[in-house]
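S.K.: The structure file structure_32.txt (compact mmCIF, C-alpha atoms and all ligand atoms) is provided below.
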```
# COMPACT_ATOMS: atom_id res chain seq x y z
CA MET A 1 99.20 85.00 129.17
CA LYS A 2 101.42 83.47 126.48
CA VAL A 3 100.06 83.14 122.91
CA GLU A 4 101.39 82.01 119.56
CA ALA A 5 101.16 84.85 117.06
CA ALA A 6 102.32 85.76 113.55
CA PHE A 7 103.90 89.16 113.04
CA ALA A 8 105.89 91.34 110.65
CA LEU A 9 109.23 92.59 111.92
CA ARG A 10 109.66 95.09 109.08
CA GLN A 11 108.95 95.45 105.36
CA LYS A 12 110.49 92.98 102.89
CA THR A 13 110.96 90.35 105.62
CA PRO A 14 109.05 87.04 105.77
CA ILE A 15 106.20 86.83 108.25
CA GLN A 16 107.37 85.29 111.56
CA LEU A 17 105.90 83.27 114.42
CA ALA A 18 106.70 83.65 118.10
CA THR A 19 105.24 83.14 121.55
CA LEU A 20 104.19 86.60 122.74
CA THR A 21 102.87 87.90 126.03
CA LEU A 22 99.26 89.16 125.82
CA GLU A 23 97.82 91.62 128.36
CA LYS A 24 94.61 90.74 130.19
CA PRO A 25 91.56 92.85 129.27
CA GLY A 26 91.47 96.23 130.98
CA GLU A 27 88.71 98.84 131.20
CA ARG A 28 86.20 98.25 128.34
CA GLU A 29 88.42 95.61 126.75
CA VAL A 30 87.58 92.04 125.76
CA LEU A 31 89.68 88.84 125.60
CA ILE A 32 88.78 86.68 122.58
CA GLU A 33 89.92 83.12 121.89
CA MET A 34 90.39 83.08 118.11
CA LYS A 35 88.82 80.09 116.34
CA ALA A 36 89.57 81.08 112.75
CA ALA A 37 91.21 83.93 110.83
CA GLY A 38 91.33 84.83 107.14
CA LEU A 39 94.45 85.91 105.26
CA CYS A 40 94.06 89.19 103.36
CA HIS A 41 96.21 91.07 100.87
CA SER A 42 96.19 94.04 103.25
CA ASP A 43 98.22 91.95 105.74
CA MET A 44 100.64 90.85 103.05
CA MET A 45 101.24 94.45 101.92
CA LEU A 46 102.84 95.13 105.31
CA PHE A 47 105.72 92.68 104.79
CA ASP A 48 106.03 92.18 101.02
CA GLY A 49 107.26 95.71 100.29
CA THR A 50 104.03 97.06 98.79
CA ARG A 51 102.96 99.49 101.51
CA MET A 52 106.19 101.24 102.31
CA GLU A 53 104.77 104.25 104.19
CA TRP A 54 103.82 102.09 107.20
CA GLN A 55 106.35 102.59 110.01
CA ASP A 56 104.94 100.89 113.08
CA TYR A 57 106.76 97.57 113.63
CA PRO A 58 106.87 94.90 114.99
CA LEU A 59 103.26 94.38 114.02
CA VAL A 60 101.02 91.41 114.85
CA LEU A 61 99.09 90.87 111.61
CA GLY A 62 95.52 89.78 110.91
CA HIS A 63 92.34 91.86 110.79
CA GLU A 64 89.75 89.23 109.83
CA GLY A 65 88.58 86.38 112.06
CA ALA A 66 86.04 84.98 114.48
CA GLY A 67 86.23 83.67 118.01
CA ILE A 68 84.64 83.33 121.42
CA VAL A 69 84.76 85.85 124.26
CA ARG A 70 86.63 84.37 127.24
CA GLU A 71 86.92 87.35 129.59
CA VAL A 72 85.74 90.95 129.76
CA GLY A 73 87.26 93.90 131.56
CA PRO A 74 85.46 96.42 133.81
CA GLY A 75 82.72 98.44 132.12
CA VAL A 76 82.04 96.01 129.25
CA THR A 77 78.27 95.76 128.76
CA THR A 78 77.62 94.49 125.22
CA VAL A 79 79.37 91.08 125.26
CA LYS A 80 80.01 88.40 127.88
CA PRO A 81 82.15 85.23 128.14
CA GLY A 82 80.88 82.55 125.74
CA ASP A 83 79.55 84.99 123.12
CA HIS A 84 80.53 84.28 119.52
CA VAL A 85 82.07 87.38 118.01
CA ILE A 86 83.78 88.89 115.00
CA PRO A 87 86.54 91.35 115.92
CA VAL A 88 86.18 94.26 113.51
CA PRO A 89 88.89 96.45 111.95
CA ILE A 90 86.85 99.65 112.25
CA PRO A 91 85.42 100.50 115.67
CA GLU A 92 81.83 101.61 116.15
CA CYS A 93 81.85 103.69 119.32
CA GLY A 94 78.24 104.77 118.84
CA GLU A 95 78.96 108.22 120.26
CA CYS A 96 81.12 110.19 117.80
CA THR A 97 79.97 112.54 115.02
CA ALA A 98 80.54 109.86 112.37
CA CYS A 99 78.67 107.11 114.27
CA LEU A 100 75.75 109.44 115.01
CA SER A 101 75.57 110.72 111.40
CA GLY A 102 74.16 107.50 109.99
CA LYS A 103 76.14 108.30 106.83
CA THR A 104 79.33 106.29 107.27
CA ASN A 105 80.97 103.32 108.97
CA LEU A 106 84.19 105.31 109.50
CA CYS A 107 83.94 105.96 113.24
CA ASP A 108 86.04 108.94 114.37
CA ARG A 109 87.80 106.63 116.84
CA TYR A 110 89.29 104.74 113.88
CA TYR A 111 91.66 107.61 113.16
CA GLN A 112 92.46 108.41 116.76
CA PRO A 113 95.80 107.41 118.29
CA PRO A 114 95.87 103.64 118.76
CA PRO A 115 94.98 102.07 122.09
CA ARG A 116 97.67 100.60 124.34
CA PRO A 117 99.77 97.81 122.80
CA VAL A 118 98.66 94.47 124.22
CA PHE A 119 101.33 92.14 122.78
CA SER A 120 104.98 92.10 123.83
CA LEU A 121 108.12 89.97 123.67
CA ASP A 122 110.87 90.30 126.28
CA GLY A 123 109.45 93.67 127.31
CA LYS A 124 109.27 95.07 123.76
CA SER A 125 105.76 96.17 122.71
CA PHE A 126 104.17 94.95 119.47
CA ARG A 127 101.45 96.94 117.71
CA SER A 128 98.42 95.01 116.38
CA PHE A 129 97.25 95.65 112.80
CA CYS A 130 93.89 97.46 112.89
CA GLU A 131 94.28 97.16 116.70
CA LEU A 132 93.28 93.48 116.31
CA GLY A 133 96.08 91.10 115.30
CA THR A 134 93.83 88.12 114.58
CA PHE A 135 96.76 85.85 113.66
CA ALA A 136 97.12 85.05 117.37
CA GLN A 137 95.53 82.35 119.51
CA TYR A 138 93.98 85.00 121.78
CA ILE A 139 93.56 88.75 121.33
CA THR A 140 92.68 91.58 123.68
CA VAL A 141 90.67 94.31 121.95
CA ARG A 142 88.47 97.28 122.76
CA GLU A 143 84.77 96.52 123.22
CA MET A 144 84.03 99.01 120.42
CA GLN A 145 85.80 96.61 118.01
CA VAL A 146 83.79 93.50 118.87
CA ALA A 147 80.66 92.50 116.93
CA LYS A 148 78.47 89.91 118.61
CA ILE A 149 76.97 87.38 116.19
CA ARG A 150 74.51 84.49 116.50
CA ASP A 151 76.14 81.32 117.87
CA ASP A 152 74.72 78.81 115.36
CA VAL A 153 76.92 79.71 112.38
CA PRO A 154 80.35 78.05 111.89
CA LEU A 155 83.13 80.40 112.97
CA ASP A 156 85.57 78.89 110.44
CA ILE A 157 83.34 80.24 107.65
CA VAL A 158 81.84 83.48 108.95
CA CYS A 159 85.37 84.54 109.96
CA CYS A 160 85.58 85.93 106.41
CA LEU A 161 82.82 88.47 107.05
CA GLY A 162 85.01 90.89 109.02
CA CYS A 163 87.03 92.01 105.99
CA ALA A 164 86.29 90.23 102.69
CA GLY A 165 82.57 89.76 103.34
CA ALA A 166 81.93 93.24 104.70
CA THR A 167 84.09 94.89 102.03
CA GLY A 168 82.61 93.03 99.06
CA LEU A 169 78.99 92.55 100.04
CA GLY A 170 78.90 96.04 101.52
CA ALA A 171 80.32 97.73 98.42
CA ALA A 172 77.49 96.31 96.29
CA ILE A 173 74.65 96.59 98.81
CA PHE A 174 75.49 99.51 101.15
CA THR A 175 77.82 101.73 99.06
CA ALA A 176 76.65 101.44 95.44
CA GLU A 177 73.16 100.17 96.33
CA VAL A 178 73.10 98.10 93.13
CA ALA A 179 69.63 98.29 91.60
CA SER A 180 67.57 95.29 90.57
CA GLY A 181 67.89 94.44 86.88
CA SER A 182 71.17 96.32 86.43
CA SER A 183 74.49 95.33 84.84
CA VAL A 184 77.62 94.96 86.98
CA VAL A 185 81.31 94.45 86.19
CA VAL A 186 83.67 93.20 88.92
CA PHE A 187 87.43 93.50 88.34
CA GLY A 188 89.37 90.98 90.43
CA LEU A 189 87.77 87.75 91.66
CA GLY A 190 89.59 87.19 94.94
CA GLY A 191 87.91 87.10 98.34
CA ILE A 192 86.55 90.62 97.98
CA GLY A 193 85.50 90.50 94.33
CA LEU A 194 83.57 87.27 94.85
CA ASN A 195 81.64 88.94 97.66
CA VAL A 196 80.85 91.91 95.41
CA VAL A 197 79.45 89.41 92.90
CA ASN A 198 77.42 87.80 95.69
CA GLY A 199 76.12 91.19 96.86
CA ALA A 200 75.14 92.27 93.34
CA LYS A 201 73.25 89.01 92.92
CA LEU A 202 71.43 89.50 96.26
CA ASN A 203 70.33 92.95 95.06
CA GLY A 204 68.94 91.44 91.85
CA ALA A 205 71.47 92.51 89.21
CA SER A 206 70.58 90.78 85.95
CA MET A 207 74.08 90.74 84.41
CA ILE A 208 77.22 90.26 86.53
CA ILE A 209 80.50 90.06 84.61
CA GLY A 210 83.53 88.81 86.56
CA VAL A 211 86.89 89.96 85.16
CA ASP A 212 90.13 88.24 86.19
CA THR A 213 93.36 87.25 84.44
CA ASN A 214 93.33 83.89 86.24
CA PRO A 215 90.85 81.52 84.52
CA THR A 216 90.70 79.27 87.61
CA LYS A 217 88.57 82.01 89.24
CA ARG A 218 85.80 81.49 86.70
CA GLN A 219 84.05 78.65 88.49
CA ALA A 220 83.99 80.42 91.88
CA ALA A 221 82.63 83.54 90.20
CA PHE A 222 79.71 81.62 88.72
CA ALA A 223 79.10 79.92 92.08
CA ALA A 224 78.88 83.38 93.70
CA GLY A 225 76.36 84.58 91.10
CA ALA A 226 78.30 85.84 88.08
CA THR A 227 76.53 85.43 84.75
CA HIS A 228 79.63 86.00 82.58
CA TYR A 229 83.40 85.71 82.89
CA VAL A 230 85.93 87.76 80.91
CA ASN A 231 89.69 87.21 80.86
CA PRO A 232 91.43 90.51 79.96
CA LYS A 233 94.26 88.52 78.38
CA ASP A 234 91.86 87.39 75.65
CA HIS A 235 91.09 90.94 74.54
CA GLY A 236 94.35 92.91 74.50
CA ASP A 237 93.63 96.65 74.28
CA ASN A 238 89.93 96.14 73.63
CA LEU A 239 88.77 95.06 77.10
CA ILE A 240 86.69 98.23 77.60
CA GLY A 241 85.14 97.81 74.16
CA VAL A 242 84.19 94.21 74.92
CA LEU A 243 82.63 95.12 78.28
CA LYS A 244 80.67 98.03 76.75
CA GLU A 245 79.35 95.79 74.03
CA MET A 246 78.31 93.07 76.47
CA THR A 247 76.47 95.61 78.66
CA GLY A 248 74.82 97.47 75.77
CA GLY A 249 76.85 100.67 76.07
CA GLY A 250 78.50 100.40 79.49
CA ALA A 251 77.85 98.86 82.86
CA ASP A 252 75.50 100.46 85.36
CA TYR A 253 78.04 99.64 88.10
CA ALA A 254 81.69 98.53 88.13
CA PHE A 255 83.93 97.62 91.06
CA GLU A 256 87.73 97.66 91.32
CA CYS A 257 88.92 94.88 93.66
CA VAL A 258 92.52 94.55 92.45
CA GLY A 259 94.41 97.56 93.82
CA SER A 260 95.78 98.90 90.52
CA ALA A 261 95.59 102.44 89.14
CA LYS A 262 95.23 101.13 85.58
CA VAL A 263 92.40 98.77 86.55
CA LEU A 264 90.68 101.59 88.44
CA SER A 265 90.76 103.73 85.30
CA ASP A 266 89.27 100.80 83.34
CA THR A 267 86.62 100.43 86.03
CA VAL A 268 85.45 104.01 85.46
CA GLU A 269 85.69 103.79 81.68
CA CYS A 270 83.62 100.60 81.34
CA THR A 271 80.59 102.19 83.04
CA ARG A 272 77.80 103.78 81.09
CA LEU A 273 77.98 107.42 80.12
CA GLY A 274 75.32 109.42 81.95
CA TRP A 275 74.88 107.38 85.10
CA GLY A 276 77.54 104.69 85.48
CA THR A 277 78.85 104.20 89.02
CA ALA A 278 82.42 103.03 89.63
CA VAL A 279 83.48 101.93 93.12
CA THR A 280 87.09 101.86 94.29
CA ILE A 281 87.83 99.10 96.81
CA GLY A 282 91.36 97.75 96.14
CA ILE A 283 94.23 99.50 97.92
CA LEU A 284 96.78 101.01 95.52
CA PRO A 285 100.46 100.34 96.25
CA THR A 286 102.37 103.29 97.77
CA GLY A 287 103.22 105.83 95.08
CA GLU A 288 100.59 104.82 92.50
CA GLN A 289 98.39 107.73 91.44
CA LEU A 290 94.91 107.47 89.98
CA GLN A 291 94.83 108.74 86.41
CA LEU A 292 91.48 109.48 84.85
CA ARG A 293 90.46 110.95 81.55
CA PRO A 294 88.83 114.19 82.84
CA ARG A 295 85.73 113.77 80.71
CA ALA A 296 85.16 110.32 82.17
CA ILE A 297 83.57 111.93 85.23
CA GLN A 298 82.15 114.98 83.43
CA GLU A 299 80.15 112.61 81.28
CA GLY A 300 77.98 111.89 84.29
CA ARG A 301 79.75 108.91 85.79
CA LYS A 302 80.26 108.64 89.53
CA LEU A 303 83.37 107.38 91.32
CA MET A 304 82.65 106.26 94.88
CA GLY A 305 84.97 105.17 97.65
CA SER A 306 84.06 102.19 99.80
CA TYR A 307 85.93 101.25 102.94
CA LEU A 308 84.92 97.95 104.51
CA GLY A 309 81.71 98.18 102.55
CA ASN A 310 80.33 101.18 104.45
CA ILE A 311 78.82 98.62 106.83
CA LYS A 312 78.64 99.76 110.44
CA SER A 313 80.86 97.20 112.09
CA ARG A 314 78.88 96.34 115.22
CA SER A 315 75.27 97.29 114.49
CA GLN A 316 75.10 96.08 110.86
CA LEU A 317 77.79 93.42 110.33
CA PRO A 318 75.92 90.77 112.35
CA ILE A 319 73.18 90.92 109.68
CA LEU A 320 75.65 89.24 107.32
CA ALA A 321 75.89 86.24 109.67
CA ASP A 322 72.07 86.07 109.57
CA TRP A 323 72.17 86.10 105.76
CA TYR A 324 74.69 83.25 105.81
CA ALA A 325 72.39 81.25 108.10
CA GLU A 326 69.53 81.92 105.67
CA GLY A 327 71.58 80.46 102.80
CA LYS A 328 72.03 83.76 100.95
CA LEU A 329 75.83 83.96 101.01
CA ALA A 330 78.29 81.83 99.02
CA LEU A 331 80.91 81.87 101.78
CA ASP A 332 81.46 78.09 101.69
CA ASP A 333 82.78 78.38 98.14
CA LEU A 334 84.86 81.40 99.04
CA ILE A 335 87.26 79.46 101.26
CA SER A 336 89.76 77.60 99.11
CA HIS A 337 92.39 76.57 101.67
CA ARG A 338 92.49 75.80 105.40
CA ILE A 339 95.80 75.89 107.25
CA ALA A 340 97.30 75.86 110.75
CA LEU A 341 98.82 79.06 112.17
CA SER A 342 102.27 77.45 111.76
CA GLU A 343 101.67 77.28 107.98
CA ILE A 344 100.89 80.98 107.57
CA ALA A 345 103.88 81.78 105.36
CA SER A 346 102.84 79.20 102.76
CA GLY A 347 99.25 80.45 103.08
CA PHE A 348 100.38 83.89 101.94
CA ASP A 349 102.30 82.26 99.06
CA LEU A 350 98.98 80.83 97.84
CA LEU A 351 97.40 84.28 98.06
CA ARG A 352 100.32 85.96 96.27
CA ASP A 353 100.29 83.42 93.43
CA GLY A 354 96.59 84.09 92.82
CA LYS A 355 95.80 80.43 93.49
CA ALA A 356 93.67 81.06 96.54
CA ARG A 357 90.29 82.65 97.02
CA ARG A 358 90.36 82.89 100.81
CA VAL A 359 92.90 81.07 102.99
CA VAL A 360 91.65 80.47 106.55
CA ILE A 361 93.70 79.64 109.62
CA GLU A 362 92.01 77.20 111.97
CA PHE A 363 93.25 77.50 115.55
ZN ZN A 401 91.41 92.75 104.61
ZN ZN A 402 82.26 106.38 116.56
```
Represent the structure from my file as structure tokens, please.
M.R.:
Amino acid sequence: MKVEAAFALRQKTPIQLATLTLEKPGEREVLIEMKAAGLCHSDMMLFDGTRMEWQDYPLVLGHEGAGIVREVGPGVTTVKPGDHVIPVPIPECGECTACLSGKTNLCDRYYQPPPRPVFSLDGKSFRSFCELGTFAQYITVREMQVAKIRDDVPLDIVCCLGCAGATGLGAAIFTAEVASGSSVVVFGLGGIGLNVVNGAKLNGASMIIGVDTNPTKRQAAFAAGATHYVNPKDHGDNLIGVLKEMTGGGADYAFECVGSAKVLSDTVECTRLGWGTAVTIGILPTGEQLQLRPRAIQEGRKLMGSYLGNIKSRSQLPILADWYAEGKLALDDLISHRIALSEIASGFDLLRDGKARRVVIEF
């Protein structure tokens, strides 16, 4: 079938639109009609020159979205046509060592060679980012990358759960396991940071400080559950000192949602000596190295990695849709702009300028 899709041709080239050919679902594959898709910095890094090590182009972008199953291939047992679903960047095969461990969401199939390319143009194959490519009217994906959700939640809102929601909520709830009554600092109040704030609030944190250089993020941070807002520009070299004072000696937890080595160092340093936990979420540009004062960790702090929130993508992610239905998630406030697929380039401009929280394509 023919579908409109947005793709990157190479690095440092504007995102493009074209009508591509999409393969029908094969063995254990699913055809999804996309209803909404969220724009993420990780997509932008593949055409704005930030992530230069990536080689596999042309690449249909998009790894966050929601849609409805329209067709299933032979052997598919867990979804059927009409099901509302979130296509997920990380598979959950349910059979590998990682899936069976109960310790991680990073299924061994995630790092295996990619499945067959399903998009093409004039006979040339296009790879799909995260094997999804949600910036397309329809996608064909492996069953192990499809999470079935309840059908009474709006797809144009829960579409943000697949990346921003899972990454942010999961980092606070599943990775750091933020304790009730604790203090939390969140660096970067974009789509992911706001979900970290939301997750910390759900777990009962008593002080949640949102840190962002853009003061327009303040209101959204408070709506998501922040109790304080700090603009680093107001404090020059004393940002760490200010955060330590506010938290009575250092935060119990701090989260880096920017993708900057300097901010990650600050994230570790602002936590409390003895037990502070820092979580790295933002993706550093190619070539940036993490620099830490060696004693920062020796002094009893922990630095944890969190990839898509350590939420198992098929068995646990649907819980987030339940939480939204129960009124626990501030996803409505998260979405700042709604656009058509044809407007995707200007949607990324909004994200780049820091004006947007989440930009959602409505198909
Ligand atoms: Zn993302
Ligand atoms: Zn697995």
S.K.: Just checking: using all atoms listed in the file, which residue out of A:Arg51, A:Lys201, A:Arg109, A:Lys124 ends up closest to ligand ZN 402 (chain A)?
M.R.: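 For ligand ZN 402 (chain A), the nearest of the given residues is A:Arg109.
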S.K.: My list of candidates is A:Cys40, A:Ala220, A:Leu239, A:Ile90. Which is closest to ligand ZN 401 (chain A) when distances are computed with all atoms listed in the file?
M.R.: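 Comparing A:Cys40, A:Ala220, A:Leu239, A:Ile90 against ligand ZN 401 (chain A), the winner is A:Cys40.
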S.K.: Can you tell me which residues come within 10 Å of ligand ZN 401 (chain A) when counting all atoms listed in the file, ideally as a ChimeraX atom specification?
M.R.: /A:38-44,62-64,89,130,160-167,191-192,282-283,308
S.K.: Please report the interatomic distance between CA of Lys233 in chain A and CA of Gly188 in chain A in Å with one decimal.
M.R.: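 Distance reported for this atom pair: 13.2 Å.
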S.K.: How many Å lie between CA of Gly259 in chain A and CA of Asp108 in chain A, rounded to one decimal?
M.R.: 24.9 Å
S.K.: Find the residue from A:Gly305, A:Gly102, A:Pro58, A:Gly199 that sits nearest to ligand ZN 402 (chain A); use all atoms listed in the file when measuring.
M.R.: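 Closest candidate: A:Gly102.
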S.K.: Can I get the residues of chain A within 9 Å of ligand ZN 402 (chain A), each with the closest pair of atoms and their distance in Å to one decimal, using all atoms listed in the file, sorted chain first then ascending number, as a tab-separated table?
M.R.:
```
residue	atom	partner	partner_atom	distance
A:Pro91	CA	A:ZN402	ZN	6.7
A:Glu92	CA	A:ZN402	ZN	4.8
A:Cys93	CA	A:ZN402	ZN	3.9
A:Gly94	CA	A:ZN402	ZN	4.9
A:Glu95	CA	A:ZN402	ZN	5.3
A:Cys96	CA	A:ZN402	ZN	4.2
A:Thr97	CA	A:ZN402	ZN	6.7
A:Ala98	CA	A:ZN402	ZN	5.7
A:Cys99	CA	A:ZN402	ZN	4.3
A:Leu100	CA	A:ZN402	ZN	7.4
A:Asn105	CA	A:ZN402	ZN	8.3
A:Leu106	CA	A:ZN402	ZN	7.4
A:Cys107	CA	A:ZN402	ZN	3.7
A:Asp108	CA	A:ZN402	ZN	5.1
A:Arg109	CA	A:ZN402	ZN	5.6
A:Tyr110	CA	A:ZN402	ZN	7.7
A:Met144	CA	A:ZN402	ZN	8.5
```
S.K.: What gap, in Å, lies between CA of Ala205 in chain A and CA of Tyr229 in chain A?
M.R.: 15.1 Å
S.K.: Which residue, A:Ile32, A:Asn310, A:Lys2, A:Tyr138, has the smallest gap to Leu121 in chain A when you use all atoms listed in the file?
M.R.: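 Looking at the shortest contact to Leu121 in chain A, the residue is A:Lys2.
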S.K.: Which residue, A:Ala261, A:Val153, A:His337, A:Tyr324, has the smallest gap to Leu350 in chain A when you use all atoms listed in the file?
M.R.: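 Residue with the minimum atom-to-atom distance to Leu350 in chain A: A:His337.
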S.K.: For Ala172 in chain A, please output as a list in words all residues within 9 Å (counting only C-alpha atoms; exclusion window: fewer than 5 positions along the same chain).
M.R.: Thr167, Glu177, Val178, Asn195, Val196, Val197, Asn198, Gly199, Ala200, Asn203, Tyr253, Phe255, Val279 and Gly309 of chain A
S.K.: Would you save the residues of that selection, restricted to C-alpha atoms, as a CSV table (one decimal), keeping the file's coordinate frame?
M.R.:
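And here is the file that came out, selection_38.csv:
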```csv
chain,number,residue,atom,x,y,z
A,167,THR,CA,84.1,94.9,102.0
A,177,GLU,CA,73.2,100.2,96.3
A,178,VAL,CA,73.1,98.1,93.1
A,195,ASN,CA,81.6,88.9,97.7
A,196,VAL,CA,80.8,91.9,95.4
A,197,VAL,CA,79.4,89.4,92.9
A,198,ASN,CA,77.4,87.8,95.7
A,199,GLY,CA,76.1,91.2,96.9
A,200,ALA,CA,75.1,92.3,93.3
A,203,ASN,CA,70.3,93.0,95.1
A,253,TYR,CA,78.0,99.6,88.1
A,255,PHE,CA,83.9,97.6,91.1
A,279,VAL,CA,83.5,101.9,93.1
A,309,GLY,CA,81.7,98.2,102.6
```
S.K.: Measuring between all atoms listed in the file, which one of A:Leu351, A:Val184, A:Ala5, A:Leu320 shows the shortest distance to Cys270 in chain A?
M.R.: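 Among the listed residues, A:Val184 lies closest to Cys270 in chain A.
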S.K.: Please provide the set of residues having any atom within 6 Å of Lys12 in chain A, restricted to only C-alpha atoms, with same-chain residues fewer than 5 positions apart removed, written as a list in words.
M.R.: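 The residues satisfying every condition are Phe47, Asp48 and Gly49 of chain A.
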S.K.: Which polymer residues, whether protein, DNA or RNA, lie within 8 Å of the coordinate (81.0, 105.0, 85.1) when you count only C-alpha atoms? List them as a PDB file with C-alpha atoms, in the coordinates of the input, using the chain letters and numbers from the file.
M.R.:
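What follows is the written file selection_11.pdb:
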```
ATOM      1  CA  GLY A 250      78.500 100.400  79.490  1.00  0.00           C
ATOM      2  CA  ALA A 251      77.850  98.860  82.860  1.00  0.00           C
ATOM      3  CA  ASP A 252      75.500 100.460  85.360  1.00  0.00           C
ATOM      4  CA  TYR A 253      78.040  99.640  88.100  1.00  0.00           C
ATOM      5  CA  ALA A 254      81.690  98.530  88.130  1.00  0.00           C
ATOM      6  CA  THR A 267      86.620 100.430  86.030  1.00  0.00           C
ATOM      7  CA  VAL A 268      85.450 104.010  85.460  1.00  0.00           C
ATOM      8  CA  GLU A 269      85.690 103.790  81.680  1.00  0.00           C
ATOM      9  CA  CYS A 270      83.620 100.600  81.340  1.00  0.00           C
ATOM     10  CA  THR A 271      80.590 102.190  83.040  1.00  0.00           C
ATOM     11  CA  ARG A 272      77.800 103.780  81.090  1.00  0.00           C
ATOM     12  CA  LEU A 273      77.980 107.420  80.120  1.00  0.00           C
ATOM     13  CA  GLY A 274      75.320 109.420  81.950  1.00  0.00           C
ATOM     14  CA  TRP A 275      74.880 107.380  85.100  1.00  0.00           C
ATOM     15  CA  GLY A 276      77.540 104.690  85.480  1.00  0.00           C
ATOM     16  CA  THR A 277      78.850 104.200  89.020  1.00  0.00           C
ATOM     17  CA  ALA A 278      82.420 103.030  89.630  1.00  0.00           C
ATOM     18  CA  ALA A 296      85.160 110.320  82.170  1.00  0.00           C
ATOM     19  CA  ILE A 297      83.570 111.930  85.230  1.00  0.00           C
ATOM     20  CA  GLY A 300      77.980 111.890  84.290  1.00  0.00           C
ATOM     21  CA  ARG A 301      79.750 108.910  85.790  1.00  0.00           C
ATOM     22  CA  LYS A 302      80.260 108.640  89.530  1.00  0.00           C
ATOM     23  CA  LEU A 303      83.370 107.380  91.320  1.00  0.00           C
TER      24      LEU A 303
END
```
S.K.: Please tell me which residues are no farther than 6 Å from (85.2, 92.6, 133.3) in the file, counting only C-alpha atoms, and write them as a ChimeraX atom specification.
M.R.: /A:72-74
S.K.: With 3 Å added on each side, what axis-aligned box encloses every listed atom of range 71-83 of chain A? Give the centre and edge lengths in Å to one decimal, as AutoDock Vina command-line options.
M.R.:
```
--center_x 82.4 --center_y 90.5 --center_z 128.5 --size_x 15.6 --size_y 21.9 --size_z 16.7
```
S.K.: Excluding Asp122 in chain A and residues on its chain fewer than 4 positions from it, collect all residues at most 12 Å away from it, counting all atoms listed in the file, and give them as a list in words.
M.R.: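 The residues satisfying every condition are Lys2, Ala18, Thr19, Leu20, Thr21, Leu22 and Phe126 of chain A.
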S.K.: Need the shell around Ala37 in chain A: protein/DNA/RNA residues with any atom at most 7 Å away, counting all atoms listed in the file. Skip same-chain ones fewer than 6 positions apart. Format as an NGL selection string?
M.R.: :A and (64-66 or 134-135 or 159 or 360-362)
